[in-house]
file final_31.txt (compact mmCIF, C-alpha atoms)
# COMPACT_ATOMS: atom_id res chain seq x y z
CA MET A 13 2.43 5.61 -29.35
CA SER A 14 3.65 2.32 -27.97
CA ARG A 15 3.43 -0.69 -30.22
CA LYS A 16 1.33 -2.26 -27.47
CA ASP A 17 -1.50 0.22 -28.08
CA LYS A 18 -4.41 -0.70 -30.26
CA LYS A 19 -5.92 1.71 -32.75
CA TYR A 20 -9.62 2.38 -32.27
CA SER A 21 -12.21 3.57 -34.74
CA ASP A 22 -14.22 6.69 -33.87
CA SER A 23 -17.29 4.62 -33.01
CA GLU A 24 -15.20 2.37 -30.75
CA ILE A 25 -13.84 5.47 -29.02
CA LEU A 26 -17.32 6.88 -28.41
CA LYS A 27 -18.51 3.53 -27.12
CA GLY A 28 -15.41 3.28 -24.92
CA ILE A 29 -16.10 6.68 -23.34
CA ARG A 30 -19.73 5.71 -22.73
CA THR A 31 -18.81 2.37 -21.15
CA ASN A 32 -15.77 3.60 -19.19
CA ASN A 33 -13.46 1.29 -21.14
CA ARG A 34 -10.01 1.74 -19.60
CA ASN A 35 -8.12 0.69 -22.74
CA VAL A 36 -9.99 3.20 -24.88
CA LEU A 37 -9.55 5.98 -22.31
CA ASN A 38 -5.87 5.15 -22.05
CA HIS A 39 -5.66 5.35 -25.83
CA ILE A 40 -7.32 8.80 -25.86
CA TYR A 41 -4.98 9.98 -23.11
CA LYS A 42 -1.86 8.78 -24.89
CA GLU A 43 -2.98 10.14 -28.25
CA TYR A 44 -4.22 13.59 -27.26
CA TYR A 45 -3.11 14.64 -23.79
CA ILE A 46 0.36 15.67 -24.91
CA SER A 47 -1.15 18.02 -27.54
CA VAL A 48 -3.46 19.60 -24.98
CA HIS A 49 -0.60 19.88 -22.51
CA LYS A 50 1.59 21.61 -25.08
CA LEU A 51 -1.18 24.01 -26.11
CA VAL A 52 -1.89 25.04 -22.52
CA LEU A 53 1.71 25.34 -21.37
CA LYS A 54 2.71 27.33 -24.44
CA ASN A 55 -0.03 29.82 -23.59
CA SER A 56 0.96 30.62 -20.02
CA GLY A 57 -0.97 27.72 -18.52
CA ASN A 58 0.29 25.03 -16.22
CA GLU A 59 0.07 21.28 -15.71
CA GLN A 60 -3.09 21.45 -13.61
CA LEU A 61 -4.90 23.67 -16.12
CA ALA A 62 -3.95 21.33 -18.95
CA TRP A 63 -5.35 18.37 -17.02
CA ASP A 64 -8.52 20.33 -16.17
CA VAL A 65 -9.10 21.12 -19.85
CA PHE A 66 -8.53 17.52 -20.87
CA GLN A 67 -10.83 16.14 -18.17
CA ASP A 68 -13.55 18.67 -18.95
CA ALA A 69 -13.39 17.80 -22.65
CA ILE A 70 -13.80 14.09 -21.88
CA LEU A 71 -16.67 14.73 -19.45
CA ILE A 72 -18.42 17.05 -21.91
CA THR A 73 -18.05 14.41 -24.63
CA TYR A 74 -19.43 11.79 -22.24
CA ASP A 75 -22.46 13.97 -21.44
CA LYS A 76 -23.18 14.47 -25.13
CA ILE A 77 -22.90 10.75 -25.83
CA ILE A 78 -25.19 9.84 -22.93
CA ALA A 79 -27.73 12.49 -23.95
CA ASP A 80 -27.55 11.23 -27.52
CA ARG A 81 -26.48 14.70 -28.64
CA LEU A 82 -23.19 13.83 -30.30
CA TYR A 83 -23.16 13.74 -34.08
CA LEU A 84 -19.63 13.76 -35.39
CA THR A 85 -19.30 15.76 -38.59
CA SER A 86 -15.55 15.29 -38.49
CA SER A 87 -13.16 12.79 -36.97
CA PHE A 88 -13.20 12.25 -33.21
CA LYS A 89 -9.71 13.71 -33.09
CA THR A 90 -10.85 16.95 -34.74
CA PHE A 91 -13.89 17.13 -32.51
CA PHE A 92 -12.01 16.44 -29.30
CA ILE A 93 -9.06 18.73 -29.95
CA SER A 94 -11.53 21.40 -31.01
CA ILE A 95 -13.31 21.17 -27.66
CA CYS A 96 -10.00 21.35 -25.80
CA LYS A 97 -8.88 24.38 -27.78
CA ASN A 98 -12.19 26.14 -27.29
CA LEU A 99 -12.15 25.47 -23.55
CA TRP A 100 -8.64 26.81 -23.29
CA TYR A 101 -9.50 29.79 -25.48
CA LYS A 102 -12.48 30.51 -23.24
CA TYR A 103 -10.29 30.29 -20.16
CA LEU A 104 -7.81 32.78 -21.60
CA ARG A 105 -10.64 35.08 -22.65
CA ASP A 106 -12.08 34.92 -19.15
CA GLN A 107 -8.67 35.78 -17.79
CA HIS A 108 -8.65 38.85 -20.08
CA GLN A 109 -5.84 37.60 -22.22
CA LYS A 110 -5.63 38.42 -25.89
CA GLU A 111 -7.36 36.15 -28.35
CA ALA A 112 -4.41 36.57 -30.69
CA ASP A 113 -2.14 34.83 -28.22
CA VAL A 114 -3.92 31.58 -28.95
CA LEU A 115 -4.64 32.10 -32.61
CA GLN A 116 -1.06 32.92 -33.48
CA LEU A 117 0.21 29.72 -31.97
CA ASP A 118 -2.36 27.31 -33.21
CA ASP A 119 -5.31 27.95 -35.47
CA LEU A 120 -8.59 27.11 -33.85
CA ILE A 121 -10.52 24.42 -35.61
CA PRO A 122 -14.19 25.32 -35.92
CA SER A 123 -16.08 23.47 -33.26
CA ASP A 124 -18.74 20.92 -34.07
CA TYR A 125 -21.21 22.67 -31.86
CA ASP A 126 -22.43 26.04 -30.78
CA GLU A 127 -20.19 27.98 -28.42
CA ASN A 128 -23.03 28.84 -26.05
CA GLU A 129 -23.94 25.17 -25.78
CA LEU A 130 -20.31 24.35 -25.07
CA ILE A 131 -20.17 27.00 -22.35
CA LYS A 132 -23.31 25.60 -20.72
CA ASP A 133 -22.01 22.02 -20.88
CA HIS A 134 -18.70 23.20 -19.54
CA LYS A 135 -20.21 24.97 -16.53
CA ASP A 136 -22.03 21.81 -15.54
CA ASN A 137 -18.81 19.89 -15.72
CA ILE A 138 -16.78 22.47 -13.82
CA LEU A 139 -19.15 21.85 -10.92
CA PHE A 140 -18.78 18.12 -11.31
CA ARG A 141 -14.97 18.41 -11.35
CA LEU A 142 -15.03 20.79 -8.36
CA PHE A 143 -17.20 18.28 -6.51
CA ARG A 144 -14.72 15.45 -7.21
CA LYS A 145 -11.65 17.56 -6.53
CA ASN A 146 -12.89 18.91 -3.20
CA LEU A 147 -14.31 15.57 -2.13
CA GLU A 148 -10.70 14.50 -1.62
CA LYS A 149 -10.22 17.31 0.91
CA LEU A 150 -12.99 16.13 3.23
CA SER A 151 -12.58 14.00 6.35
CA PRO A 152 -12.16 10.23 5.75
CA GLU A 153 -15.68 9.63 7.11
CA CYS A 154 -17.25 12.12 4.69
CA GLN A 155 -15.18 10.80 1.78
CA GLU A 156 -16.28 7.25 2.55
CA LEU A 157 -19.95 8.18 2.80
CA LEU A 158 -20.05 10.38 -0.31
CA ASN A 159 -18.00 7.89 -2.32
CA LEU A 160 -20.43 5.11 -1.38
CA LEU A 161 -23.32 7.29 -2.53
CA ALA A 162 -21.43 8.11 -5.75
CA GLU A 163 -20.88 4.40 -6.32
CA GLY A 164 -24.63 3.98 -6.31
CA TYR A 165 -25.25 2.52 -2.85
CA SER A 166 -28.58 3.42 -1.30
CA GLY A 167 -29.01 4.77 2.24
CA GLU A 168 -30.24 1.34 3.38
CA GLU A 169 -27.26 -0.47 1.84
CA ILE A 170 -24.83 1.97 3.44
CA ALA A 171 -26.52 1.56 6.82
CA ASN A 172 -26.05 -2.20 6.51
CA LYS A 173 -22.39 -2.06 5.66
CA THR A 174 -21.22 0.81 7.89
CA LYS A 175 -21.40 1.96 11.51
CA TYR A 176 -24.34 4.31 10.88
CA ALA A 177 -27.36 3.43 13.00
CA SER A 178 -30.08 4.35 10.53
CA VAL A 179 -30.81 5.85 7.14
CA GLN A 180 -31.82 9.14 8.80
CA VAL A 181 -28.44 9.33 10.54
CA ILE A 182 -26.84 8.82 7.11
CA TYR A 183 -28.92 11.64 5.58
CA ASN A 184 -27.94 13.97 8.42
CA LYS A 185 -24.28 13.02 8.04
CA LYS A 186 -24.56 13.50 4.27
CA ALA A 187 -26.00 17.00 4.83
CA LYS A 188 -23.09 17.83 7.13
CA CYS A 189 -20.54 16.51 4.63
CA ILE A 190 -22.10 18.44 1.74
CA LYS A 191 -22.04 21.59 3.87
CA HIS A 192 -18.27 21.15 4.33
CA LEU A 193 -17.91 20.27 0.64
CA LEU A 194 -19.73 23.41 -0.48
CA GLU A 195 -17.57 25.55 1.79
CA LYS A 196 -14.49 24.12 0.11
CA ILE A 197 -15.96 24.48 -3.40
CA LYS A 198 -16.93 28.11 -2.80
CA SER A 199 -13.41 28.95 -1.66
CA ASP A 200 -11.86 27.19 -4.68
CA GLN A 201 -10.32 29.66 -7.15
CA ASP A 202 -11.75 27.64 -10.03
CA TYR A 203 -15.26 28.22 -8.62
CA LYS A 204 -14.60 31.92 -8.06
CA ASN A 205 -13.30 32.27 -11.64
CA ASN A 206 -16.35 30.63 -13.14
CA PHE A 207 -19.20 31.48 -10.79
CA GLY A 208 -17.98 34.01 -8.28
CA LYS A 209 -17.50 37.11 -10.39
CA THR A 210 -21.04 37.33 -11.65
CA ASP A 211 -24.49 36.81 -10.24
CA GLU A 212 -24.96 33.89 -12.56
CA LYS A 213 -26.98 31.17 -10.91
CA ILE A 214 -26.10 27.53 -11.04
CA MET B 2 -32.69 21.72 12.69
CA LYS B 3 -29.62 22.80 10.76
CA LYS B 4 -29.95 24.42 7.33
CA PHE B 5 -28.39 21.64 5.28
CA GLU B 6 -30.34 18.96 7.14
CA ILE B 7 -33.51 20.85 6.22
CA ILE B 8 -32.38 21.05 2.58
CA GLU B 9 -31.68 17.31 2.59
CA LYS B 10 -35.12 16.62 4.04
CA TYR B 11 -36.74 18.97 1.54
CA LEU B 12 -35.08 17.17 -1.37
CA ASN B 13 -36.09 13.79 0.10
CA ASN B 14 -39.72 14.99 0.37
CA GLN B 15 -39.51 14.60 4.15
CA LEU B 16 -40.64 18.12 4.96
CA LYS B 17 -44.37 18.27 5.66
CA GLY B 18 -46.96 20.81 6.72
CA ASP B 19 -45.69 23.89 8.49
CA GLU B 20 -42.06 22.88 8.08
CA LEU B 21 -42.48 22.73 4.32
CA MET B 22 -44.41 26.02 4.16
CA SER B 23 -41.81 27.74 6.29
CA PHE B 24 -38.95 26.44 4.13
CA LYS B 25 -40.59 27.55 0.88
CA LYS B 26 -41.19 30.97 2.37
CA SER B 27 -37.56 31.23 3.40
CA LEU B 28 -36.48 30.28 -0.11
CA HIS B 29 -38.21 33.33 -1.55
CA ALA B 30 -36.81 35.69 1.04
CA ASP B 31 -33.30 34.30 1.48
CA THR B 32 -31.22 34.34 -1.73
CA LYS B 33 -28.31 32.65 0.04
CA LEU B 34 -30.55 29.76 1.04
CA ALA B 35 -31.79 29.52 -2.54
CA GLU B 36 -28.20 29.46 -3.80
CA ASP B 37 -27.26 26.76 -1.28
CA LEU B 38 -30.24 24.70 -2.39
CA ARG B 39 -29.14 24.97 -6.03
CA LEU B 40 -25.61 23.97 -5.14
CA TYR B 41 -26.86 21.12 -2.98
CA GLN B 42 -28.96 19.86 -5.88
CA SER B 43 -25.93 20.10 -8.11
CA ILE B 44 -23.90 17.96 -5.66
CA ASN B 45 -26.78 15.48 -5.47
CA LYS B 46 -26.83 15.29 -9.26
CA SER B 47 -23.07 14.67 -9.33
CA LEU B 48 -23.39 12.04 -6.60
CA SER B 49 -26.17 10.19 -8.38
CA ASP B 50 -24.31 9.94 -11.69
CA THR B 51 -22.48 6.74 -10.80
CA ALA B 52 -21.21 6.06 -14.32
CA LYS B 53 -19.74 9.53 -14.62
CA ASN B 54 -18.06 9.21 -11.24
CA LYS B 55 -16.50 5.94 -12.37
CA LEU B 56 -15.35 7.60 -15.59
CA TYR B 57 -13.73 10.40 -13.56
CA VAL B 58 -11.97 7.89 -11.30
CA THR B 59 -10.68 5.88 -14.28
CA LEU B 60 -9.43 9.04 -16.00
CA ASN B 61 -7.54 10.13 -12.93
CA GLU B 62 -6.03 6.70 -12.43
CA ILE B 63 -4.82 6.77 -16.04
CA HIS B 64 -3.39 10.26 -15.57
CA LEU B 65 -1.56 9.17 -12.43
CA GLN B 66 -0.24 6.07 -14.09
CA ASN B 67 0.90 7.98 -17.15
CA GLN B 68 2.53 10.87 -15.37
CA SER B 69 5.80 8.99 -15.45
CA THR B 70 5.06 7.94 -19.00
CA GLY B 71 4.59 11.59 -19.80
CA ILE B 72 8.14 12.23 -18.71
CA ILE B 73 9.36 9.64 -21.15
CA ARG B 74 7.36 11.30 -23.91
CA TYR B 75 8.98 14.60 -23.10
CA ILE B 76 12.34 12.98 -23.32
CA ASN B 77 11.36 11.59 -26.69
CA HIS B 78 10.00 14.91 -27.89
CA TYR B 79 12.51 17.41 -26.68
CA LYS B 80 15.55 15.98 -25.07
CA VAL B 81 16.24 12.72 -26.80
CA SER B 82 18.92 14.05 -29.13
CA ALA B 83 21.46 14.96 -26.48
CA VAL B 84 20.84 11.90 -24.32
CA ALA B 85 20.76 9.51 -27.26
CA ALA B 86 23.91 10.98 -28.72
CA ALA B 87 25.76 10.49 -25.45
CA ILE B 88 24.52 6.93 -25.12
CA THR B 89 25.36 6.15 -28.74
CA ILE B 90 28.93 7.34 -28.32
CA LEU B 91 29.37 5.33 -25.12
CA SER B 92 27.80 2.27 -26.68
CA ALA B 93 29.94 2.59 -29.80
CA VAL B 94 33.11 2.62 -27.69
CA GLY B 95 31.98 -0.45 -25.75
CA VAL B 96 30.93 -2.33 -28.86
CA LEU B 97 34.19 -1.42 -30.61
CA LEU B 98 36.14 -2.84 -27.68
CA VAL B 99 34.19 -6.06 -27.68
CA THR B 100 34.75 -6.61 -31.39
CA MET B 101 38.46 -6.76 -30.58
CA PHE B 102 37.73 -10.11 -28.96
CA ASN B 103 37.06 -12.98 -31.34
CA ASN B 104 35.18 -14.93 -28.75
CA PRO B 105 33.86 -12.49 -26.16
CA THR B 106 32.59 -13.87 -22.88
CA ASN B 107 29.12 -13.12 -21.60
CA ASP B 108 30.68 -10.69 -19.12
CA GLN B 109 32.48 -8.86 -21.92
CA LEU B 110 29.34 -8.67 -24.02
CA TYR B 111 27.36 -7.38 -21.06
CA ALA B 112 29.99 -4.76 -20.26
CA ALA B 113 30.00 -3.63 -23.87
CA TYR B 114 26.26 -3.23 -24.20
CA PHE B 115 25.06 -2.19 -20.76
CA GLN B 116 24.52 1.55 -20.62
CA PRO B 117 22.36 2.63 -17.68
CA GLU B 118 19.51 5.04 -18.34
CA GLN B 119 20.09 8.62 -17.37
CA SER B 120 17.98 9.72 -14.42
CA VAL B 121 14.77 11.36 -15.60
CA LEU B 122 15.38 14.17 -13.11
CA SER B 123 18.06 15.64 -15.34
CA VAL B 124 15.83 15.67 -18.40
CA ARG B 125 12.33 16.04 -17.00
CA SER B 126 10.16 18.98 -17.97
CA ALA B 127 8.84 21.43 -15.45
CA GLY B 128 5.27 20.84 -14.47
CA VAL B 129 5.41 17.09 -14.74
CA ASN B 130 4.62 15.64 -11.36
CA MET B 131 6.23 12.59 -9.87
CA GLU B 132 5.65 10.78 -6.64
CA GLN B 133 7.95 12.07 -3.93
CA THR B 134 9.46 8.63 -3.34
CA ILE B 135 10.30 8.32 -7.05
CA ILE B 136 11.98 11.73 -7.02
CA GLN B 137 14.02 10.70 -3.98
CA GLY B 138 14.84 7.39 -5.64
CA MET B 139 16.04 9.22 -8.75
CA GLN B 140 18.20 11.52 -6.64
CA LEU B 141 19.86 8.51 -5.01
CA TYR B 142 20.21 6.88 -8.43
CA GLU B 143 21.94 10.02 -9.75
CA MET B 144 24.32 9.92 -6.79
CA LYS B 145 25.03 6.28 -7.67
CA GLN B 146 23.67 5.12 -4.31
CA PHE B 147 21.99 2.25 -6.08
CA GLY B 148 21.07 0.12 -3.05
CA ALA B 149 19.36 3.05 -1.34
CA ALA B 150 17.69 4.00 -4.63
CA VAL B 151 16.20 0.52 -4.93
CA GLU B 152 14.84 0.72 -1.38
CA MET B 153 13.26 4.08 -2.20
CA PHE B 154 11.74 2.89 -5.48
CA ASN B 155 10.33 -0.13 -3.65
CA LEU B 156 8.28 2.23 -1.47
CA ALA B 157 6.16 2.91 -4.57
CA PRO B 158 5.54 -0.69 -5.68
CA SER B 159 2.91 0.20 -8.29
CA ASN B 160 5.02 2.84 -10.04
CA LEU B 161 6.44 1.30 -13.20
CA LEU B 162 8.98 4.07 -13.73
CA GLY B 163 10.30 3.15 -10.27
CA LYS B 164 10.33 -0.53 -11.27
CA LEU B 165 12.39 0.24 -14.37
CA TYR B 166 14.98 2.30 -12.53
CA ALA B 167 15.05 -0.13 -9.60
CA GLY B 168 15.83 -2.87 -12.15
CA ILE B 169 18.69 -0.86 -13.65
CA ALA B 170 19.99 0.04 -10.18
CA LEU B 171 19.89 -3.65 -9.26
CA MET B 172 21.98 -4.40 -12.37
CA GLU B 173 24.49 -1.82 -11.15
CA ILE B 174 24.87 -3.70 -7.87
CA ASN B 175 24.94 -7.08 -9.61
CA ASN B 176 21.62 -8.28 -8.21
CA PHE B 177 20.47 -9.67 -11.53
CA GLU B 178 17.88 -12.04 -10.11
CA MET B 179 15.83 -9.20 -8.64
CA ALA B 180 16.46 -7.02 -11.69
CA ILE B 181 14.98 -9.77 -13.86
CA ASP B 182 11.89 -9.87 -11.62
CA ASN B 183 11.41 -6.10 -12.01
CA PHE B 184 11.73 -6.16 -15.79
CA ASN B 185 9.43 -9.15 -16.11
CA LEU B 186 6.83 -7.33 -14.02
CA ILE B 187 6.90 -4.35 -16.40
CA ILE B 188 6.65 -6.62 -19.45
CA GLU B 189 3.80 -8.68 -17.97
CA HIS B 190 1.92 -5.48 -17.07
CA ASN B 191 1.67 -4.98 -20.85
CA ASP B 192 0.13 -1.52 -20.72
CA ASN B 193 2.93 0.98 -20.26
CA LEU B 194 5.69 2.63 -22.26
CA PHE B 195 8.63 1.07 -20.44
CA ILE B 196 8.31 -2.32 -22.06
CA ASP B 197 10.96 -1.62 -24.72
CA GLN B 198 13.56 -0.69 -22.11
CA ALA B 199 12.55 -3.54 -19.81
CA GLU B 200 12.96 -6.11 -22.61
CA TRP B 201 16.39 -4.81 -23.57
CA TYR B 202 17.71 -4.75 -19.99
CA LEU B 203 16.16 -8.15 -19.36
CA GLY B 204 18.10 -9.50 -22.34
CA LEU B 205 21.32 -8.06 -20.92
CA CYS B 206 20.58 -9.60 -17.51
CA TYR B 207 20.19 -12.99 -19.18
CA VAL B 208 23.51 -12.55 -20.98
CA LYS B 209 25.28 -11.58 -17.77
CA THR B 210 23.83 -14.55 -15.86
CA ASN B 211 24.72 -16.99 -18.65
CA GLN B 212 21.08 -17.70 -19.52
CA VAL B 213 21.88 -17.48 -23.19
CA ASP B 214 18.77 -19.23 -24.51
CA GLN B 215 16.51 -16.82 -22.65
CA ALA B 216 18.67 -13.93 -23.87
CA ARG B 217 18.29 -15.09 -27.49
CA GLN B 218 14.54 -15.42 -27.00
CA ILE B 219 14.06 -11.89 -25.70
CA LEU B 220 16.48 -10.37 -28.25
CA ASN B 221 14.57 -12.07 -31.05
CA LYS B 222 11.34 -10.70 -29.61
CA ILE B 223 12.79 -7.17 -29.66
CA ILE B 224 13.82 -7.65 -33.30
CA VAL B 225 10.40 -8.97 -34.32
CA GLU B 226 8.63 -6.15 -32.47
CA ASN B 227 10.96 -3.64 -34.13
CA THR B 228 11.53 -1.61 -30.99
CA LYS B 229 14.15 1.10 -30.66
CA TYR B 230 16.59 -1.53 -29.36
CA LYS B 231 16.36 -3.63 -32.54
CA LYS B 232 19.77 -2.57 -33.86
CA GLU B 233 21.58 -3.35 -30.61
CA SER B 234 19.66 -6.60 -30.26
CA LEU B 235 20.63 -7.71 -33.77
CA ALA B 236 24.28 -6.95 -33.09
CA LEU B 237 24.29 -8.68 -29.71
CA LEU B 238 22.44 -11.71 -31.04
CA ASN B 239 24.89 -11.89 -33.91
CA LYS B 240 27.80 -11.95 -31.48
CA LEU B 241 26.15 -14.62 -29.35
CA ASP B 242 25.51 -16.76 -32.43
CA LYS B 243 28.94 -16.34 -33.98
CA ARG B 244 30.65 -17.21 -30.76
CA ASN B 245 29.09 -20.63 -30.37
call {"tool": "encode", "arguments": {"input": "final_31.txt", "output": "structure tokens"}}
result
Amino acid sequence: MSRKDKKYSDSEILKGIRTNNRNVLNHIYKEYYISVHKLVLKNSGNEQLAWDVFQDAILITYDKIIADRLYLTSSFKTFFISICKNLWYKYLRDQHQKEADVLQLDDLIPSDYDENELIKDHKDNILFRLFRKNLEKLSPECQELLNLLAEGYSGEEIANKTKYASVQVIYNKKAKCIKHLLEKIKSDQDYKNNFGKTDEKI
Amino acid sequence: MKKFEIIEKYLNNQLKGDELMSFKKSLHADTKLAEDLRLYQSINKSLSDTAKNKLYVTLNEIHLQNQSTGIIRYINHYKVSAVAAAITILSAVGVLLVTMFNNPTNDQLYAAYFQPEQSVLSVRSAGVNMEQTIIQGMQLYEMKQFGAAVEMFNLAPSNLLGKLYAGIALMEINNFEMAIDNFNLIIEHNDNLFIDQAEWYLGLCYVKTNQVDQARQILNKIIVENTKYKKESLALLNKLDKRN
């Protein structure tokens, strides 16, 4: 870690995730991403999968903080690395790889919460990540519109600041953009891996 | 009306009367429509979570910014021994030569201590992404086409790895004024892992351009901050002090 980096307490880290504090997030990245990266790449993963695991773990943690469902019984580090390991373990299991492959390389730390709950939280976040990832593949017009909506602008505000003639035109355009977005999400391998092989409903 | 426009209207409570009845009926009969509605709701939920979207954007900006930093970490973790050993030997030869002079000039001190960084291309790990312009810049840097490398690095003005190597390339072509600007930019940014290198090369630039007071200041800073260039800084500062 660079000497420029500040150390944060666990409560400061949780608050930083909740408030989107760039310094805290940068700290988490610098402290833990390399471990996640090593774990994934040593177990036949790649750079993108390592980043997916890391992002998902942060987003899951964020959801738990926001829902007031996060009670640390260990350090944040133990909790966070545990989530990452479990997500990666789950991925390997889904890919029909041997559990021993992971366990031999790095003992799994018992997770702070139930595996089924983690799987449910993870599925929600896979969809969120797929939404963000595929948003970047849409036309500039669709990206602009959906990004404005994601930034919290209302239909009226968007109509005032863009070329769209009315709120109804915006809703129709939004419907068209989401149609394209869903087409891209459904053809994404990540979606097929998680939702395509079963009849599981979202 | 198109299917997704109907879904949007349904979710906005804009479907009334027969339209609403017809849609609800279709939902029971058409599993694909029901699935599309669920997915559409999921996208709506993602869109409406502004704070989470901002968190995602921040995370990805940090990842992008640190991708080059990641390379440096890999060097530190896996490859530092070979590179450091080579640099140490080269530095030792240069420093030995300069000790032969009782009163070395700034040029002699600079020549003794300046060892350019090895291109990260030769030590980078597979799977670590870099901007295409930075890769091309590194290739030119490796081929010692320093002017062209600087031009390439300048095409990615926000990439601090590019700034560092552009600075070193500028030192190679004796454009110390611009090199100093690059290193100062990295130091002032104050949130990256290239600050140690930038401070050391900045100190050398000051020595080479006879700005000895500034050189002393930055070398002292390196010593106080106890960076990996502390030993070299102590030795160089010692030589500057003894000389005058």
call {"tool": "closest_atom_pairs", "arguments": {"input": "final_31.txt", "of": "chain B", "to": "chain A", "cutoff": "6 Å", "atoms": "all atoms listed in the file", "output": "Markdown table"}}
result
| residue | atom | partner | partner_atom | distance |
| --- | --- | --- | --- | --- |
| B:Phe5 | CA | A:Ala187 | CA | 5.2 |
| B:Glu6 | CA | A:Ala187 | CA | 5.3 |
| B:Ser47 | CA | A:Phe140 | CA | 5.9 |
| B:Leu48 | CA | A:Ala162 | CA | 4.5 |
| B:Ser49 | CA | A:Ala162 | CA | 5.8 |
| B:Thr51 | CA | A:Glu163 | CA | 5.3 |
| B:Leu56 | CA | A:Asn32 | CA | 5.4 |
| B:Gly128 | CA | A:Glu59 | CA | 5.4 |
call {"tool": "write_last_selection", "arguments": {"input": "final_31.txt", "atoms": "C-alpha atoms", "output": "JSON list (two decimals), in the frame of the given file"}}
result
[["chain", "number", "residue", "atom", "x", "y", "z"],
["B", 5, "PHE", "CA", -28.39, 21.64, 5.28],
["B", 6, "GLU", "CA", -30.34, 18.96, 7.14],
["B", 47, "SER", "CA", -23.07, 14.67, -9.33],
["B", 48, "LEU", "CA", -23.39, 12.04, -6.60],
["B", 49, "SER", "CA", -26.17, 10.19, -8.38],
["B", 51, "THR", "CA", -22.48, 6.74, -10.80],
["B", 56, "LEU", "CA", -15.35, 7.60, -15.59],
["B", 128, "GLY", "CA", 5.27, 20.84, -14.47]]
call {"tool": "residues_around", "arguments": {"input": "final_31.txt", "residues": "Leu21 (chain B)", "least_positions_apart": "4", "cutoff": "12 Å", "atoms": "all atoms listed in the file", "output": "short mmCIF file (atom, residue, chain, number, x, y, z; two decimals) with C-alpha atoms, in the frame of the given file"}}
result
data_model
loop_
_atom_site.label_atom_id
_atom_site.label_comp_id
_atom_site.auth_asym_id
_atom_site.auth_seq_id
_atom_site.Cartn_x
_atom_site.Cartn_y
_atom_site.Cartn_z
CA ILE B 7 -33.51 20.85 6.22
CA ILE B 8 -32.38 21.05 2.58
CA LYS B 10 -35.12 16.62 4.04
CA TYR B 11 -36.74 18.97 1.54
CA LEU B 12 -35.08 17.17 -1.37
CA ASN B 13 -36.09 13.79 0.10
CA ASN B 14 -39.72 14.99 0.37
CA GLN B 15 -39.51 14.60 4.15
CA LEU B 16 -40.64 18.12 4.96
CA LYS B 17 -44.37 18.27 5.66
CA LYS B 25 -40.59 27.55 0.88
CA LYS B 26 -41.19 30.97 2.37
CA SER B 27 -37.56 31.23 3.40
CA LEU B 28 -36.48 30.28 -0.11
#
call {"tool": "closest_residue", "arguments": {"input": "final_31.txt", "among": "A:Lys27, A:Arg105, A:Lys54, A:Lys132", "to": "Phe88 (chain A)", "atoms": "all atoms listed in the file"}}
result
A:Lys27
call {"tool": "closest_residue", "arguments": {"input": "final_31.txt", "among": "A:Ile77, A:Ala62, A:Leu157, A:Ile131", "to": "Ser47 (chain A)", "atoms": "only C-alpha atoms"}}
result
A:Ala62
call {"tool": "closest_residue", "arguments": {"input": "final_31.txt", "among": "B:Asn221, B:Ile174, B:Glu9, B:Asp242", "to": "Leu40 (chain B)", "atoms": "only C-alpha atoms"}}
result
B:Glu9
call {"tool": "atom_distance", "arguments": {"input": "final_31.txt", "atom1": "CA of Glu156 (chain A)", "atom2": "CA of Leu65 (chain B)"}}
result
21.1 Å
call {"tool": "atom_distance", "arguments": {"input": "final_31.txt", "atom1": "CA of Ser151 (chain A)", "atom2": "CA of His192 (chain A)"}}
result
9.4 Å
call {"tool": "atom_distance", "arguments": {"input": "final_31.txt", "atom1": "CA of Ile169 (chain B)", "atom2": "CA of Pro117 (chain B)"}}
result
6.5 Å
call {"tool": "axis_aligned_box", "arguments": {"input": "final_31.txt", "around": "region 194-211 of chain A", "padding_each_side": "8 Å", "output": "lines of an AutoDock Vina configuration file"}}
result
center_x = -17.4
center_y = 30.4
center_z = -5.7
size_x = 30.2
size_y = 29.9
size_z = 30.9
call {"tool": "build_atoms", "arguments": {"input": "final_31.txt", "residues": "region 91-97 of chain A", "atoms": "N, CA and C atoms", "output": "CSV table (one decimal), in the coordinates of the input"}}
result
chain,number,residue,atom,x,y,z
A,91,PHE,N,-12.9,16.7,-33.5
A,91,PHE,CA,-13.9,17.1,-32.5
A,91,PHE,C,-13.3,17.4,-31.1
A,92,PHE,N,-12.5,16.4,-30.7
A,92,PHE,CA,-12.0,16.4,-29.3
A,92,PHE,C,-11.0,17.6,-29.1
A,93,ILE,N,-10.1,17.7,-30.1
A,93,ILE,CA,-9.1,18.7,-30.0
A,93,ILE,C,-9.7,20.1,-30.1
A,94,SER,N,-10.8,20.1,-30.9
A,94,SER,CA,-11.5,21.4,-31.0
A,94,SER,C,-12.2,21.8,-29.7
A,95,ILE,N,-12.7,20.8,-29.0
A,95,ILE,CA,-13.3,21.2,-27.7
A,95,ILE,C,-12.2,21.7,-26.7
A,96,CYS,N,-11.1,21.0,-26.7
A,96,CYS,CA,-10.0,21.4,-25.8
A,96,CYS,C,-9.5,22.8,-26.1
A,97,LYS,N,-9.4,23.0,-27.4
A,97,LYS,CA,-8.9,24.4,-27.8
A,97,LYS,C,-9.9,25.4,-27.4
